[in-house]
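Written below as structure tokens is the structure these notes are about.
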Amino acid sequence: MRLIAYTDTVELGGADLSMAHLLGRLDPSIDVRVVGVSRRIVDRVAQARPSASSCVVAPPRSGHDLRSLAEHVRVVREYAPDILHASLASPWASQYAVAAAALARRTRIVAVYQLTVPPISERQRRAKRLTARAIDRHVGVGERTSREVETLVGLPRGSVRTIHNGVPDEVTASPEQRRPRLIGTIARLEEQKGVDVLIRALAGVEDATLLVVGDGSERGRLQELARELGVSDRVEWQGWADEPRNYLAALDVFVLPSRNEGFPLVVLEALLAGAAVVATDVGSVAEAVRDGETGVLVPPEDPAALAAAIEALLGDPERAGRLGAQGRQLVLENFTADHMARAFESLYAELTG
């Protein structure tokens with residue numbers, strides 16, 4: 001079987017890391033080529049599968065870039081894949097790759113939806129409705145995410161199959177010395193991730209320190225907000241880290257304050273690390289963070305509820321430990337990278353057999 005794994009992202013995110021986890025665990029008999037518009041992203045994804053080849057194509061410069069489309073078509077036809085696996089950071093992504101595979105005719109197309117966000121224009125929505133007809137299997141990374149994609153894109157109810165994201169169970173570095181009442185988050189510092197809500201919540205949690213691992217365009221605004229709220233001395237800005245999950249073992253509580261998510265890898269990593277997790281009930285988060293069983297869920301955009309949930313876990317280490325242990329077991333049984341790989345192998349066989 002020949003597979004093109006395609007991404008058109010230009011900033012590394014969960015969609016690309018999920019694809020890397022998948023490629024690293026697919027059966028060795030599958031011949032893989034990683035294709036994308038960014039050399040940095042393509043190399044990062046291909047690194048997970050040493051046998052994979054790679055190719056970079058020109059990104060579209062407009063809504064109707066015939067040069068980019070022609071290059072996509074050329075790459076697909078030269079490689080002649082049985083499957084094009086397109087990782088969609090938004091429902092409107094990867095449309096040139098889907099169109100190119102449709103023109104190749106013999107290639108079956110799998111579109112994997114990581115996140116639901118509205119289109120930037122009606123033209124983008126119309127283009128998606130055209131390319132969606134060529135897709136053989138629509139896949140969402142969580143049950144709620146799948147249903148949200150159907151509504152947003154206008155697909156028939158039940159037409160989006162769910163294959164959950166998965167992460168490897170890797171050993172993480174342990175802190176030399178744990179600090180008391182340390183909470184943390186790992187995120188791109190963008191509005192979607194809701195770190196501003198977490199900083200507002202910190203003002204309601206006494207004697208706690210917040211560790212922020214990640215970077216992004218909102219960092220300056222978030223630092224100013226921390227100063228305005230009088231908590232800047234209790235926020236540590238770690239910045240970008242190559243192995244962010246190594247910070248998880250140091251935390252008393254991991255917090256996901258996002259406004260919008262699919263099925264985020266960082267929550268699975270936190271659960272695997274045995275961390276007590278507080279998360280907003282968005283996207284498919286509740287499929288891993290089961291309220292009162294493997295973590296605590298709160299509504300998005302609610303600093304008071306977030307603060308109360310964090311304070312409750314900090315004040316009850318026994319409960320926090322129990323939630324963390326149960327969360328780790330849930331991920332091991334359902335949401336590892338191996339689970340994800342076997343599910344996609346079954347889907348590929350269904351399409352090519």
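Each chain in the structure tokens gets a letter, A, B, ..., in the order shown, and its residues are numbered from 1; ligands are numbered from 1 in order too.
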Using only C-alpha atoms, determine which residues lie at most 12 Å from A:Thr107, disregarding the query and same-chain residues fewer than 6 positions distant; provide the list as a ChimeraX atom specification.
-> /A:1-4,73,76-77,79-85,97-101,134-136,348,351-352
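For A:Asp338, the non-local neighbours within 9 Å, defined as residues at least 6 positions apart in the same chain or in other chains and counting only C-alpha atoms, are His21, Leu22, Arg25, Leu26, Gly166, Val167 and Pro168 of chain A.
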Only C-alpha atoms, please: the residues just picked out, written as an mmCIF file, in the first residue's frame.
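Dumped to part_21.cif:
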```
data_model
loop_
_atom_site.group_PDB
_atom_site.id
_atom_site.type_symbol
_atom_site.label_atom_id
_atom_site.label_comp_id
_atom_site.auth_asym_id
_atom_site.auth_seq_id
_atom_site.Cartn_x
_atom_site.Cartn_y
_atom_site.Cartn_z
ATOM 1 C CA HIS A 21 2.456 9.499 16.132
ATOM 2 C CA LEU A 22 0.383 7.662 13.532
ATOM 3 C CA ARG A 25 3.235 3.109 14.326
ATOM 4 C CA LEU A 26 1.728 2.130 10.975
ATOM 5 C CA GLY A 166 -3.660 8.774 20.415
ATOM 6 C CA VAL A 167 -0.318 9.382 22.090
ATOM 7 C CA PRO A 168 2.607 7.095 22.934
#
```
Considering only C-alpha atoms, state which residue in the set A:Ala337, A:Ala320, A:Ala273, A:Leu330 is at the smallest distance from A:Gly24.
-> A:Ala337
Distance query A:Pro50 at most 12 Å, only C-alpha atoms, self and fewer than 5 positions along chain excluded, as a PyMOL selection string = chain A and resi 20+23-25+28+31-34+43-45
Those same residues, written as a JSON list (two decimals), in the first residue's frame with C-alpha atoms?
```json
[["chain", "number", "residue", "atom", "x", "y", "z"],
["A", 20, "ALA", "CA", 3.70, 11.85, 13.40],
["A", 23, "LEU", "CA", 3.14, 7.28, 10.93],
["A", 24, "GLY", "CA", 5.57, 6.00, 13.53],
["A", 25, "ARG", "CA", 3.23, 3.11, 14.33],
["A", 28, "PRO", "CA", 6.11, -1.28, 8.05],
["A", 31, "ASP", "CA", 5.05, 2.86, 1.92],
["A", 32, "VAL", "CA", 4.66, 6.47, 3.12],
["A", 33, "ARG", "CA", 5.44, 9.82, 1.55],
["A", 34, "VAL", "CA", 4.94, 12.95, 3.68],
["A", 43, "ASP", "CA", 10.59, 17.09, 8.18],
["A", 44, "ARG", "CA", 9.16, 17.01, 11.70],
["A", 45, "VAL", "CA", 6.36, 14.63, 10.68]]
```
Which polymer residues have any atom within 8 Å of an atom of stretch 256-259 of chain A, counting only C-alpha atoms, with same-chain residues fewer than 5 positions away left out, as a PyMOL selection string?
-> chain A and resi 185-186+191-195+197-198+267+277-280+282+300-301+306
